[in-house]
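Asker: Dumping the structure here so I can ask a few things about it.
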Amino acid sequence: MDKKEIMQRIELLSKKKTDGMYLNDFLLTWDKSADEIEATLLTAEILRAMREHRISCRTFDSGLAISIFRDQSTRTRFSFAGACNLLGLAIQELDEEKSQIAHGETVRETANMISFMAEIIGIRDDIYLGAGHTYMKEVARAVHRGHREGVLPQRPTLVNLQCDIDHPTQTMSDALHLIHTFGGVENLKGKKIAMSWAYSPSYGKPLSVPQGIIGLMTRFGMDVVLAHPPGYNLMPEVIEVARTNSKQFDGSFAQVASMAEAFKDADIVYPKSWAPYSVMEERTRLLKAAEHDGLKALEKHCLETNRQFIDWECTEKLMQTTRQGRALYMHCLPADISGVSCERGEVASSVFERYRVPQYIQAGYKPYVIAAMIFLSKFENPAETLTQLFNRGHQRVYGSD
Amino acid sequence: MDKKEIMQRIELLSKKKTDGMYLNDFLLTWDKSADEIEATLLTAEILRAMREHRISCRTFDSGLAISIFRDQSTRTRFSFAGACNLLGLAIQELDEEKSQIAHGETVRETANMISFMAEIIGIRDDIYLGAGHTYMKEVARAVHRGHREGVLPQRPTLVNLQCDIDHPTQTMSDALHLIHTFGGVENLKGKKIAMSWAYSPSYGKPLSVPQGIIGLMTRFGMDVVLAHPPGYNLMPEVIEVARTNSKQFDGSFAQVASMAEAFKDADIVYPKSWAPYSVMEERTRLLKAAEHDGLKALEKHCLETNRQFIDWECTEKLMQTTRQGRALYMHCLPADISGVSCERGEVASSVFERYRVPQYIQAGYKPYVIAAMIFLSKFENPAETLTQLFNRGHQRVYGSD
Amino acid sequence: MDKKEIMQRIELLSKKKTDGMYLNDFLLTWDKSADEIEATLLTAEILRAMREHRISCRTFDSGLAISIFRDQSTRTRFSFAGACNLLGLAIQELDEEKSQIAHGETVRETANMISFMAEIIGIRDDIYLGAGHTYMKEVARAVHRGHREGVLPQRPTLVNLQCDIDHPTQTMSDALHLIHTFGGVENLKGKKIAMSWAYSPSYGKPLSVPQGIIGLMTRFGMDVVLAHPPGYNLMPEVIEVARTNSKQFDGSFAQVASMAEAFKDADIVYPKSWAPYSVMEERTRLLKAAEHDGLKALEKHCLETNRQFIDWECTEKLMQTTRQGRALYMHCLPADISGVSCERGEVASSVFERYRVPQYIQAGYKPYVIAAMIFLSKFENPAETLTQLFNRGHQRVYGSD
């Protein structure tokens, strides 16, 4: 993207209505209007292009970005770090082991205590069904109130770095990848995307990615097909979101019973393992009750159930059945690759290998998507601020290169 | 505070004699002169106001701030991070588990090895009686010597983030809270503050907060009353400090035997649990000797002793006996709230609830107090440097907001 | 060094051919040309002098520096942090416990996933023989390829923060120390340096320092003598490097059988413990196989073997035999000091004490050496960029001091 195109995107952005994002959180994509989703994608592209042109995107001279990771994370952790750093914010991680955070009233207190200098709070909490999103809302409420009551000099805004319901920084990166692959958001209309369960020799993988995908992709007028074995349902309320979206945005949403049916003539396939909703519910109950024997039994049972569907694998043969045999393969990474990371997994190694580089490129959008979410929550007139940054023309890297 | 008032405070600051703070550490408030204490409070307010006016306080283009936390910490950790970031310093934490720091000669070596690029070192070490302050002095001596010997290009200065004797970043924040609540430092004169022990179903809480409070508040001409059950003494040398201060600064210091007596007509109450001095001494001995059975026995014994004083609780009834029934309730947080975080604790939930917001505001002074301590140790002419920052007028947040 | 001298060094630097370092890694000193080694040392001195003159060396407005520490580290960790911060990069540590990094194909994936915003990757991996360097090459290959394939917008370059073969940031700091001590790199020619094994009551210390020393010091025309007990061999390929270097750079390299012989008339002595090569090989095998009993037996056996050589200690008596009894004592720290950190160790406490300050000074070069390695890998015309920084004249610390 050359500099003229950057200015054109900023011009485009200035037409989008984003006041609802200002001083607000990014928790679920379906909380956002069409304009807001498009503004986020546009801003991500603008920030990326500015960085490529060595133009500094640093809007913060100081300020903290708090991160709370309640689960292991590499990709998202580094994407969040990169995004915050790009804008000038310093990461301060809340390590709950070093801190002693309890539940209930204490969330309100802790949320305020860590936020005096905080511009942004990024949270990953995806282990317990019914917990992650609820926790994020609780933190958001606490800092909103803290700001209103004069405790916090600014309203730190939240970015959902994956919860039990949605994984917006992932799915928005996926969307940017589709836009680039198909040459524009307008070209996504009518494309068929197969979000399919796939076998993996592990258990307990979160539902947030498949849920996020059907919740977001139904907004671009796509034909979204969801496939999974019996019992591997997603949360009913997200199914409802997908259904509603597909009507509103003039696409379609269907559920089918096999990977083969989902892949048929698909333009895009997203085969990925997840745990059955009911297992996640039971697991949440057992984890809370610390019933270790029960957890072991559940894992054993679940892995046995999984094995019944070992043929839900994204093979070359299945890929042949997609549109012209050339569907775009997607995964949020890391994938369970047959013969590589496990004996039998989600995808055949030759399929994965063919799409390895495109997928890495897809992952590379995430820092900019996060930066865009932060940017739009912090600046009331994002297009104007981007123009100022562009005109200021500070170099990100000083010196002759 | 408007911009004119900021300039007035800077003017006021310029009258204070602060050369003793330059290239020096902030370990105990009673090491500091009246001018130095006032300069710290003034600088904290100026930095806070400048940030509120979006004026950048960034004086460091690069430089490290080392943190050493030998105990769990959330509030102080984030306050330190915020303060350092505000001035442009990057936090580098010394994680002793990842490092292998021994005692004796090695403190000298480690202190130097981590300080080549360090402007500031923040230390929390409050678990062992007789250890924390001693350790800080040892580190301070090591880097002072390292600077003199040409090992370190600058003298990193120390900030005590809580030791076994004092907790100056907490008590100075408390002081700022009082100044704001009562409308000026001059209004603190003659006010009665009750620093009282309170029951908590835990044991081993440090003595540094009550010690710090009686050591600092006696400097504002206040009537400081200390109350605790028999055996819950503070360190004798700090009692002596409070006594001396009260004479020098024309206030009073008294010790009484009940919370009720302390609360009578008090303007401010600070009910908080701590461990008996003798228990802390015994605990320190047992910890060093790794006598696990002895530690368990001590804990059991101590909790039983505690329970004898379960009625040392800050109740509504007791609050009624304070000045006009409206004393300001204070706590360094987190408090043990009866019926909320425990069955019976330091404070009734209705009392705590009424003061929740003021207390959060009180906690919000800490980043600025720490920033002020750093600032005064790094700039020989703090008023002049603040004026330069003010006139430079860089925005902390760039862009149209 | 005054400002005029800084400009002279920059002028000198401009004569060195450094294009091979641009967008390249710093893994082994013997991979680098004479010009490149000299350019690194020069750049380290220039950056250090600029910082001393309060001139900002900040070339990066944003950008991440990734650190991967597979072993405990204090000195190098803080040096890397200081170096990156000096140039404007923010540290993001890859904590493998929080991340789950596997081997094989996954290195490629992880290396790319953490590098979207990364300018530099610093790695310490020195535990397993044959592993550390190999891992670094694998990461380097992965990000090089990622950049070529359009995954990464920039090529993050690697700095070896200690591997199984070399420890270039340590030995280059050692070299700077020698240059300063002897008044110029040209004065190192013909000086005798004794790299000798020394007794320590521990086992399993890496071979990278002695290997790095003989591999680097043979490049300055020095007379390098290596001494160790039978069985405590270094890697044969590094012995070969030392031999070749000594011929090419007109010095000498010899191996002798006792510390006494090595110390005879030496100008510099570097007595340091390391594990026998064969033990490290066996240890690597046992660690990989998780054979705990075997590891214990090996440790026991190794410590017993060590004890046979307990008289390999750098004593005052041995120091008397060096050139005029005044050889410069060196150690990478921390040293095992007899009667201080252990009963019998590598060095007598009186010897160590006499050289304590010089050694701390030696350690202080490391942040600048690392900064120089980063700088030369990031700027195609380093002399020109340094001149720009110098002329820009931004203050590192703003305000009246």
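The way I read the labels, and the way they are meant: chains A, B, ... in the order of the structure tokens, residue 1 as the first residue of every chain, and ligand 1 as the first ligand shown, with later ones counted on from there.
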Take chain A, superimpose it onto chain C by least squares using every C-alpha atom paired in sequence order, and output the result as a compact mmCIF listing (two decimals) with C-alpha atoms, in the first residue's frame.

Answerer:
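So selection_3.txt came out as:
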```txt
# COMPACT_ATOMS: atom_id res chain seq x y z
CA MET A 1 36.10 10.25 25.90
CA ASP A 2 35.22 13.78 24.83
CA LYS A 3 32.92 14.67 21.97
CA LYS A 4 35.77 15.17 19.54
CA GLU A 5 37.03 11.68 20.28
CA ILE A 6 33.54 10.28 19.73
CA MET A 7 33.55 11.80 16.23
CA GLN A 8 37.01 10.32 15.62
CA ARG A 9 35.79 6.85 16.55
CA ILE A 10 32.81 7.25 14.25
CA GLU A 11 35.23 8.26 11.51
CA LEU A 12 37.26 5.13 12.27
CA LEU A 13 34.12 3.01 12.20
CA SER A 14 33.17 4.38 8.79
CA LYS A 15 36.34 2.75 7.41
CA LYS A 16 35.30 -0.73 8.55
CA LYS A 17 33.46 -3.04 6.23
CA THR A 18 30.30 -4.13 8.05
CA ASP A 19 27.79 -5.01 5.32
CA GLY A 20 28.12 -8.67 6.27
CA MET A 21 26.66 -7.82 9.67
CA TYR A 22 23.65 -6.00 8.28
CA LEU A 23 20.49 -8.10 8.74
CA ASN A 24 22.70 -10.88 10.03
CA ASP A 25 23.09 -12.67 13.35
CA PHE A 26 25.89 -12.59 15.91
CA LEU A 27 26.37 -16.21 16.93
CA LEU A 28 30.12 -16.95 17.06
CA THR A 29 32.96 -14.44 17.05
CA TRP A 30 34.89 -16.57 14.57
CA ASP A 31 32.11 -16.15 12.03
CA LYS A 32 33.02 -12.48 11.94
CA SER A 33 35.77 -10.75 9.99
CA ALA A 34 38.47 -8.68 11.69
CA ASP A 35 36.73 -5.53 10.51
CA GLU A 36 33.45 -6.73 11.97
CA ILE A 37 34.99 -7.51 15.36
CA GLU A 38 36.68 -4.12 15.46
CA ALA A 39 33.51 -2.37 14.32
CA THR A 40 31.59 -4.02 17.15
CA LEU A 41 34.13 -2.92 19.73
CA LEU A 42 34.22 0.61 18.30
CA THR A 43 30.44 0.90 18.20
CA ALA A 44 30.21 -0.28 21.81
CA GLU A 45 32.62 2.44 22.85
CA ILE A 46 30.84 5.11 20.86
CA LEU A 47 27.43 4.22 22.30
CA ARG A 48 28.89 4.20 25.78
CA ALA A 49 30.51 7.58 25.33
CA MET A 50 27.37 9.08 23.83
CA ARG A 51 25.33 7.89 26.80
CA GLU A 52 27.93 9.35 29.14
CA HIS A 53 27.50 12.67 27.38
CA ARG A 54 23.73 12.35 27.89
CA ILE A 55 23.18 12.02 24.15
CA SER A 56 20.24 9.79 23.36
CA CYS A 57 21.10 6.63 21.42
CA ARG A 58 17.43 5.89 20.83
CA THR A 59 16.99 4.85 17.22
CA PHE A 60 13.77 2.89 17.68
CA ASP A 61 10.54 4.68 18.41
CA SER A 62 8.91 1.27 18.84
CA GLY A 63 9.88 -2.33 18.27
CA LEU A 64 10.23 -5.50 20.30
CA ALA A 65 13.31 -7.32 21.49
CA ILE A 66 12.53 -10.95 22.22
CA SER A 67 14.52 -12.76 24.86
CA ILE A 68 14.63 -16.51 25.33
CA PHE A 69 16.50 -17.67 28.43
CA ARG A 70 16.74 -21.42 28.69
CA ASP A 71 18.97 -21.12 31.73
CA GLN A 72 19.16 -18.88 34.77
CA SER A 73 20.80 -15.56 34.12
CA THR A 74 21.16 -12.25 35.88
CA ARG A 75 24.06 -10.38 34.35
CA THR A 76 23.29 -11.15 30.73
CA ARG A 77 19.55 -10.68 31.23
CA PHE A 78 20.06 -7.19 32.61
CA SER A 79 22.70 -6.34 30.03
CA PHE A 80 20.38 -7.34 27.23
CA ALA A 81 17.54 -5.35 28.81
CA GLY A 82 19.76 -2.30 29.17
CA ALA A 83 21.06 -2.55 25.61
CA CYS A 84 17.63 -2.89 24.04
CA ASN A 85 16.20 -0.10 26.15
CA LEU A 86 19.09 2.20 25.21
CA LEU A 87 18.14 1.81 21.54
CA GLY A 88 14.41 2.13 22.21
CA LEU A 89 13.32 -1.50 22.02
CA ALA A 90 10.96 -3.09 24.55
CA ILE A 91 11.77 -6.52 25.93
CA GLN A 92 9.24 -9.29 25.51
CA GLU A 93 10.41 -12.49 27.11
CA LEU A 94 9.39 -15.85 25.72
CA ASP A 95 8.78 -17.86 28.86
CA GLU A 96 8.74 -21.39 27.56
CA GLU A 97 6.84 -22.62 30.62
CA LYS A 98 4.02 -20.26 29.78
CA SER A 99 4.16 -21.10 26.10
CA GLN A 100 4.74 -24.75 25.21
CA ILE A 101 7.43 -24.70 22.60
CA ALA A 102 8.27 -28.05 21.12
CA HIS A 103 11.06 -29.03 18.84
CA GLY A 104 11.29 -29.83 15.17
CA GLU A 105 8.92 -28.09 12.82
CA THR A 106 7.49 -26.10 15.68
CA VAL A 107 10.61 -24.00 16.08
CA ARG A 108 9.92 -22.57 12.65
CA GLU A 109 6.35 -21.77 13.60
CA THR A 110 7.08 -20.29 17.02
CA ALA A 111 10.00 -18.26 15.73
CA ASN A 112 7.70 -16.60 13.23
CA MET A 113 4.74 -16.19 15.57
CA ILE A 114 6.77 -14.20 18.11
CA SER A 115 8.57 -12.09 15.53
CA PHE A 116 5.95 -10.00 13.73
CA MET A 117 7.06 -6.88 15.58
CA ALA A 118 10.51 -8.10 16.61
CA GLU A 119 13.73 -6.35 15.67
CA ILE A 120 16.00 -8.59 17.68
CA ILE A 121 15.99 -12.00 19.35
CA GLY A 122 18.42 -12.72 22.17
CA ILE A 123 18.88 -16.36 23.13
CA ARG A 124 20.70 -18.07 25.97
CA ASP A 125 20.82 -21.84 25.58
CA ASP A 126 23.95 -23.32 27.07
CA ILE A 127 22.91 -26.42 28.98
CA TYR A 128 23.10 -29.21 26.42
CA LEU A 129 26.17 -29.81 24.33
CA GLY A 130 25.27 -29.70 20.68
CA ALA A 131 21.93 -28.05 21.34
CA GLY A 132 22.26 -24.31 21.94
CA HIS A 133 24.03 -23.26 18.78
CA THR A 134 21.92 -25.63 16.73
CA TYR A 135 18.75 -24.13 18.16
CA MET A 136 19.92 -20.60 17.40
CA LYS A 137 20.70 -21.53 13.81
CA GLU A 138 17.26 -23.08 13.51
CA VAL A 139 15.56 -19.93 14.81
CA ALA A 140 17.72 -17.76 12.56
CA ARG A 141 16.84 -19.86 9.53
CA ALA A 142 13.15 -19.72 10.41
CA VAL A 143 12.95 -15.94 10.67
CA HIS A 144 15.17 -15.42 7.65
CA ARG A 145 12.81 -17.57 5.66
CA GLY A 146 9.77 -15.91 7.24
CA HIS A 147 11.08 -12.53 6.11
CA ARG A 148 11.80 -13.78 2.60
CA GLU A 149 8.35 -15.32 2.32
CA GLY A 150 6.59 -12.13 3.34
CA VAL A 151 5.52 -13.37 6.76
CA LEU A 152 7.74 -10.96 8.70
CA PRO A 153 7.94 -7.28 7.74
CA GLN A 154 11.54 -7.13 8.95
CA ARG A 155 14.29 -9.67 9.52
CA PRO A 156 14.74 -9.97 13.27
CA THR A 157 18.39 -10.63 13.94
CA LEU A 158 19.77 -12.92 16.61
CA VAL A 159 22.26 -12.25 19.35
CA ASN A 160 23.82 -15.26 21.03
CA LEU A 161 23.56 -14.59 24.75
CA GLN A 162 25.55 -17.79 25.42
CA CYS A 163 25.34 -21.13 23.71
CA ASP A 164 27.13 -24.43 24.10
CA ILE A 165 29.98 -23.26 21.86
CA ASP A 166 30.58 -19.54 22.39
CA HIS A 167 29.64 -16.66 24.68
CA PRO A 168 30.38 -13.70 22.44
CA THR A 169 28.78 -10.94 24.54
CA GLN A 170 31.01 -12.01 27.43
CA THR A 171 34.24 -12.40 25.53
CA MET A 172 33.78 -9.19 23.56
CA SER A 173 33.29 -7.38 26.90
CA ASP A 174 36.45 -9.09 28.10
CA ALA A 175 38.22 -7.83 24.98
CA LEU A 176 37.06 -4.26 25.63
CA HIS A 177 38.35 -4.57 29.18
CA LEU A 178 41.76 -5.68 27.88
CA ILE A 179 41.83 -2.87 25.35
CA HIS A 180 41.14 -0.32 28.08
CA THR A 181 43.57 -1.92 30.52
CA PHE A 182 46.44 -2.10 28.04
CA GLY A 183 45.68 1.18 26.29
CA GLY A 184 44.55 0.06 22.86
CA VAL A 185 43.87 -3.03 20.79
CA GLU A 186 47.30 -2.69 19.19
CA ASN A 187 48.90 -3.26 22.60
CA LEU A 188 47.34 -6.70 22.97
CA LYS A 189 49.76 -8.11 20.40
CA GLY A 190 52.29 -10.41 22.06
CA LYS A 191 50.58 -10.34 25.44
CA LYS A 192 50.27 -13.74 27.08
CA ILE A 193 46.82 -14.77 28.29
CA ALA A 194 46.35 -17.93 30.37
CA MET A 195 42.94 -19.50 30.02
CA SER A 196 43.08 -22.11 32.73
CA TRP A 197 40.68 -24.58 34.26
CA ALA A 198 40.22 -24.04 37.99
CA TYR A 199 38.71 -26.15 40.72
CA SER A 200 35.14 -25.55 41.86
CA PRO A 201 32.96 -27.64 44.14
CA SER A 202 30.22 -27.68 41.52
CA TYR A 203 29.82 -29.49 38.27
CA GLY A 204 28.38 -28.99 34.84
CA LYS A 205 29.62 -25.46 34.18
CA PRO A 206 29.45 -24.70 30.45
CA LEU A 207 32.45 -24.71 28.13
CA SER A 208 31.40 -21.61 26.25
CA VAL A 209 33.54 -19.09 28.13
CA PRO A 210 36.92 -20.87 27.78
CA GLN A 211 36.03 -21.75 24.19
CA GLY A 212 34.97 -18.19 23.48
CA ILE A 213 38.16 -16.81 25.02
CA ILE A 214 40.57 -18.95 23.02
CA GLY A 215 38.47 -18.37 19.90
CA LEU A 216 38.50 -14.59 20.27
CA MET A 217 41.79 -13.69 21.94
CA THR A 218 43.80 -15.54 19.28
CA ARG A 219 42.56 -12.84 16.89
CA PHE A 220 44.48 -10.03 18.51
CA GLY A 221 47.93 -11.52 18.00
CA MET A 222 48.04 -12.63 21.62
CA ASP A 223 49.89 -15.64 23.01
CA VAL A 224 47.00 -17.75 24.19
CA VAL A 225 47.72 -20.64 26.50
CA LEU A 226 45.07 -23.14 27.49
CA ALA A 227 45.53 -25.35 30.56
CA HIS A 228 43.32 -28.02 32.05
CA PRO A 229 43.57 -31.36 33.82
CA PRO A 230 43.43 -34.51 31.71
CA GLY A 231 39.90 -35.15 30.43
CA TYR A 232 38.72 -31.55 30.73
CA ASN A 233 39.04 -30.99 27.00
CA LEU A 234 37.17 -28.35 25.06
CA MET A 235 35.37 -29.05 21.79
CA PRO A 236 37.96 -30.10 19.19
CA GLU A 237 36.53 -27.78 16.54
CA VAL A 238 37.08 -24.75 18.76
CA ILE A 239 40.65 -25.81 19.48
CA GLU A 240 41.05 -25.84 15.72
CA VAL A 241 39.60 -22.34 15.47
CA ALA A 242 42.13 -21.08 18.02
CA ARG A 243 44.97 -22.73 16.18
CA THR A 244 43.95 -21.30 12.81
CA ASN A 245 43.36 -17.84 14.25
CA SER A 246 46.74 -17.76 15.95
CA LYS A 247 48.44 -18.39 12.63
CA GLN A 248 46.30 -15.95 10.68
CA PHE A 249 46.64 -13.15 13.22
CA ASP A 250 50.27 -13.74 13.98
CA GLY A 251 49.99 -14.86 17.59
CA SER A 252 50.30 -18.25 19.17
CA PHE A 253 48.17 -20.91 20.72
CA ALA A 254 49.47 -23.58 23.07
CA GLN A 255 48.04 -26.17 25.40
CA VAL A 256 49.78 -27.02 28.65
CA ALA A 257 49.11 -29.46 31.45
CA SER A 258 49.15 -27.24 34.53
CA MET A 259 47.93 -23.91 35.77
CA ALA A 260 51.47 -23.16 36.91
CA GLU A 261 52.87 -23.51 33.42
CA ALA A 262 50.06 -21.41 31.94
CA PHE A 263 50.53 -18.63 34.50
CA LYS A 264 54.29 -18.36 34.02
CA ASP A 265 54.97 -14.80 32.79
CA ALA A 266 51.35 -14.33 31.79
CA ASP A 267 50.04 -10.80 31.32
CA ILE A 268 46.47 -11.91 31.85
CA VAL A 269 45.06 -14.95 33.70
CA TYR A 270 41.51 -16.30 33.34
CA PRO A 271 41.14 -19.21 35.80
CA LYS A 272 37.68 -20.74 35.58
CA SER A 273 35.97 -24.07 36.16
CA TRP A 274 34.23 -26.06 33.45
CA ALA A 275 32.94 -29.55 33.01
CA PRO A 276 34.84 -32.19 31.03
CA TYR A 277 33.56 -32.38 27.47
CA SER A 278 32.84 -36.09 27.82
CA VAL A 279 30.85 -35.49 31.02
CA MET A 280 28.81 -32.82 29.26
CA GLU A 281 28.11 -35.26 26.44
CA GLU A 282 27.04 -37.97 28.87
CA ARG A 283 25.01 -35.45 30.85
CA THR A 284 23.23 -34.29 27.71
CA ARG A 285 22.39 -37.90 26.90
CA LEU A 286 21.09 -38.58 30.42
CA LEU A 287 19.10 -35.35 30.56
CA LYS A 288 17.41 -36.14 27.26
CA ALA A 289 16.61 -39.65 28.49
CA ALA A 290 15.50 -38.25 31.87
CA GLU A 291 17.68 -40.82 33.65
CA HIS A 292 17.66 -39.31 37.10
CA ASP A 293 19.70 -42.02 38.80
CA GLY A 294 22.26 -41.85 36.07
CA LEU A 295 22.47 -38.07 36.47
CA LYS A 296 23.04 -38.37 40.19
CA ALA A 297 25.72 -40.97 39.70
CA LEU A 298 27.35 -38.78 37.04
CA GLU A 299 27.33 -35.76 39.31
CA LYS A 300 28.85 -37.77 42.14
CA HIS A 301 31.53 -39.21 39.89
CA CYS A 302 32.27 -35.83 38.38
CA LEU A 303 32.60 -34.08 41.73
CA GLU A 304 34.99 -36.81 42.86
CA THR A 305 37.07 -36.37 39.73
CA ASN A 306 37.03 -32.61 40.26
CA ARG A 307 38.40 -33.03 43.79
CA GLN A 308 41.54 -34.63 42.41
CA PHE A 309 42.38 -31.21 40.99
CA ILE A 310 41.54 -29.13 44.04
CA ASP A 311 44.94 -27.48 43.85
CA TRP A 312 44.06 -25.84 40.52
CA GLU A 313 43.42 -22.60 42.37
CA CYS A 314 44.49 -19.09 41.46
CA THR A 315 46.58 -18.36 44.55
CA GLU A 316 48.77 -15.42 45.46
CA LYS A 317 51.76 -17.69 45.01
CA LEU A 318 50.78 -18.49 41.45
CA MET A 319 50.02 -14.85 40.73
CA GLN A 320 53.62 -14.10 41.81
CA THR A 321 54.84 -16.14 38.86
CA THR A 322 53.05 -14.01 36.29
CA ARG A 323 54.67 -11.08 34.45
CA GLN A 324 56.19 -8.93 37.17
CA GLY A 325 53.77 -10.69 39.53
CA ARG A 326 51.08 -8.37 38.24
CA ALA A 327 48.98 -10.23 35.66
CA LEU A 328 45.46 -8.99 35.18
CA TYR A 329 43.03 -11.46 36.78
CA MET A 330 39.79 -11.99 34.87
CA HIS A 331 36.58 -13.94 35.41
CA CYS A 332 33.14 -13.86 33.81
CA LEU A 333 31.57 -13.82 37.30
CA PRO A 334 30.29 -15.10 39.61
CA ALA A 335 33.53 -16.70 40.74
CA ASP A 336 33.89 -19.46 43.32
CA ILE A 337 36.11 -17.72 45.86
CA SER A 338 37.96 -19.83 48.42
CA GLY A 339 36.78 -19.15 51.93
CA VAL A 340 33.98 -16.89 50.70
CA SER A 341 31.48 -18.67 48.48
CA CYS A 342 32.98 -22.12 49.18
CA GLU A 343 35.74 -23.75 51.19
CA ARG A 344 38.09 -24.23 48.25
CA GLY A 345 37.35 -22.68 44.88
CA GLU A 346 38.71 -21.12 41.72
CA VAL A 347 40.53 -18.22 43.29
CA ALA A 348 42.01 -17.07 46.59
CA SER A 349 39.95 -14.34 48.18
CA SER A 350 42.83 -11.89 48.39
CA VAL A 351 43.48 -12.22 44.65
CA PHE A 352 39.81 -11.80 43.82
CA GLU A 353 39.47 -8.84 46.14
CA ARG A 354 42.35 -7.01 44.47
CA TYR A 355 40.64 -7.32 41.11
CA ARG A 356 37.05 -6.94 42.19
CA VAL A 357 36.55 -3.40 40.92
CA PRO A 358 38.32 -3.96 37.57
CA GLN A 359 36.11 -6.99 37.05
CA TYR A 360 32.93 -5.09 37.76
CA ILE A 361 34.13 -2.53 35.23
CA GLN A 362 34.72 -5.38 32.77
CA ALA A 363 31.13 -6.58 33.29
CA GLY A 364 29.92 -3.06 32.61
CA TYR A 365 30.95 -3.25 28.96
CA LYS A 366 28.41 -5.96 28.22
CA PRO A 367 25.31 -3.79 27.69
CA TYR A 368 27.23 -1.71 25.15
CA VAL A 369 28.66 -4.75 23.38
CA ILE A 370 25.13 -6.12 23.00
CA ALA A 371 23.82 -2.74 21.85
CA ALA A 372 26.62 -2.60 19.28
CA MET A 373 25.76 -6.07 17.97
CA ILE A 374 22.14 -5.00 17.57
CA PHE A 375 23.10 -1.70 16.01
CA LEU A 376 25.36 -3.21 13.38
CA SER A 377 22.73 -5.78 12.42
CA LYS A 378 20.09 -3.10 11.99
CA PHE A 379 21.85 -0.23 10.24
CA GLU A 380 23.54 -0.58 6.92
CA ASN A 381 25.58 2.55 7.45
CA PRO A 382 26.25 2.52 11.17
CA ALA A 383 28.74 5.39 11.13
CA GLU A 384 26.26 7.58 9.31
CA THR A 385 23.44 6.72 11.69
CA LEU A 386 25.65 7.36 14.73
CA THR A 387 26.58 10.74 13.26
CA GLN A 388 22.90 11.53 12.83
CA LEU A 389 22.20 10.56 16.43
CA PHE A 390 25.13 12.65 17.57
CA ASN A 391 23.97 15.67 15.60
CA ARG A 392 20.33 15.22 16.58
CA GLY A 393 21.62 15.72 20.11
CA HIS A 394 18.50 14.58 21.94
CA GLN A 395 19.17 14.36 25.64
CA ARG A 396 18.83 10.95 27.23
CA VAL A 397 17.80 12.67 30.43
CA TYR A 398 15.80 15.83 30.01
CA GLY A 399 15.97 18.60 32.53
CA SER A 400 18.49 20.53 34.50
CA ASP A 401 20.77 18.20 36.33
```

Asker: Quick one: DSSP alpha helix (DSSP H) residues in region 199-327 of chain C, as a VMD selection string?

Answerer: chain C and resid 208 to 217 236 to 248 259 to 263 277 to 289 292 to 307 316 to 320

Asker: If you run DSSP on this backbone, which residues of region 256-329 of chain B come out as strand (DSSP E), and could you give them as a CSV table (one decimal) with N, CA, C and O atoms, in the first residue's frame?

Answerer:
```csv
chain,number,residue,atom,x,y,z
B,256,VAL,N,-2.8,3.9,73.9
B,256,VAL,CA,-3.9,3.5,74.7
B,256,VAL,C,-4.2,2.0,74.5
B,256,VAL,O,-3.6,1.4,73.6
B,268,ILE,N,-9.7,10.8,62.2
B,268,ILE,CA,-9.3,9.8,61.3
B,268,ILE,C,-9.1,8.5,62.0
B,268,ILE,O,-8.4,8.5,63.1
B,269,VAL,N,-9.5,7.4,61.5
B,269,VAL,CA,-9.2,6.1,62.1
B,269,VAL,C,-8.6,5.2,61.1
B,269,VAL,O,-8.9,5.2,59.9
B,270,TYR,N,-7.6,4.4,61.5
B,270,TYR,CA,-6.8,3.5,60.7
B,270,TYR,C,-6.7,2.2,61.4
B,270,TYR,O,-5.7,1.8,61.9
B,271,PRO,N,-7.9,1.4,61.4
B,271,PRO,CA,-7.9,0.1,62.0
B,271,PRO,C,-7.3,-1.0,61.1
B,271,PRO,O,-7.8,-1.2,60.0
B,272,LYS,N,-6.3,-1.7,61.6
B,272,LYS,CA,-5.5,-2.6,60.8
B,272,LYS,C,-4.9,-3.7,61.6
B,272,LYS,O,-4.3,-3.4,62.6
B,328,LEU,N,-12.8,10.0,59.2
B,328,LEU,CA,-12.4,9.4,58.0
B,328,LEU,C,-11.8,8.0,58.2
B,328,LEU,O,-10.8,7.9,59.0
B,329,TYR,N,-12.3,7.0,57.6
B,329,TYR,CA,-11.8,5.6,57.8
B,329,TYR,C,-10.7,5.4,56.7
B,329,TYR,O,-10.9,5.7,55.5
```
